[in-house]
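Undergrad: Before I ask anything, let me first share the structure, which is written out below as structure tokens.
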Amino acid sequence: MDALSANHELRRELRAAIEAGMPAYAECGGLMYLSGASSWNGRSAAMVGVIPADIVMHRRPVGRGYVQLRETGNRCGRVPGRRTSR
């Protein structure tokens, strides 16, 4: 977590590229890296910041299972209103 946060240049370049319209696909750790910050064991570290959410990791997995998302059209490549299930 600290090593990812310490790589300021990569975080800055990723954020700039995505905000300029580069499509991005991420899941699991990559999705966590694109968030604003990740917290674990009482410590928090800044991440890329293109997803307006912070990640909190727990000792045991929480909330696993299927989710339904509705695309908003706020990013390149998304179709507004289309439902995506996972």
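In the structure tokens, each chain is lettered A, B, ... as it comes, each chain's residues begin at 1, and ligands are numbered from 1 in order of appearance.
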Write out as an mmCIF file with C-alpha atoms, in the first residue's frame each polymer residue whose atoms come within 12 Å of Arg43 in chain A, counting only C-alpha atoms; drop sequence neighbours fewer than 2 positions from it.
TA:
```cif
data_model
loop_
_atom_site.group_PDB
_atom_site.id
_atom_site.type_symbol
_atom_site.label_atom_id
_atom_site.label_comp_id
_atom_site.auth_asym_id
_atom_site.auth_seq_id
_atom_site.Cartn_x
_atom_site.Cartn_y
_atom_site.Cartn_z
ATOM 1 C CA MET A 1 0.000 0.000 0.000
ATOM 2 C CA ASP A 2 2.762 2.440 0.899
ATOM 3 C CA ALA A 37 -7.417 6.159 -0.800
ATOM 4 C CA SER A 38 -7.049 2.681 0.661
ATOM 5 C CA SER A 39 -7.163 1.955 4.388
ATOM 6 C CA TRP A 40 -6.080 -1.183 6.193
ATOM 7 C CA ASN A 41 -5.126 -1.988 9.747
ATOM 8 C CA ALA A 45 -2.637 5.734 1.797
ATOM 9 C CA ALA A 46 -3.490 7.957 -1.171
ATOM 10 C CA ILE A 55 -11.460 1.677 0.118
ATOM 11 C CA VAL A 56 -11.492 0.122 3.589
ATOM 12 C CA MET A 57 -10.052 -3.376 3.882
ATOM 13 C CA HIS A 58 -11.105 -5.653 6.729
#
```
Undergrad: CA of Ala26 in chain A and CA of Thr72 in chain A are how many Å apart?
TA: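 Computing the Euclidean distance for CA of Ala26 in chain A and CA of Thr72 in chain A yields 16.9 Å.
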Undergrad: Ranking A:Met32, A:Met22, A:Leu10, A:Leu4 by minimum distance to Pro52 in chain A and counting only C-alpha atoms, which one comes first?
TA: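 Once distances to Pro52 in chain A are computed over only C-alpha atoms, the minimum belongs to A:Met32.
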Undergrad: Counting only C-alpha atoms, which residue out of A:Tyr33, A:Ala53, A:Arg60, A:Ile18 sits closest to Ser5 in chain A?
TA: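 Checking each of A:Tyr33, A:Ala53, A:Arg60, A:Ile18 against Ser5 in chain A, counting only C-alpha atoms, the winner is A:Tyr33.
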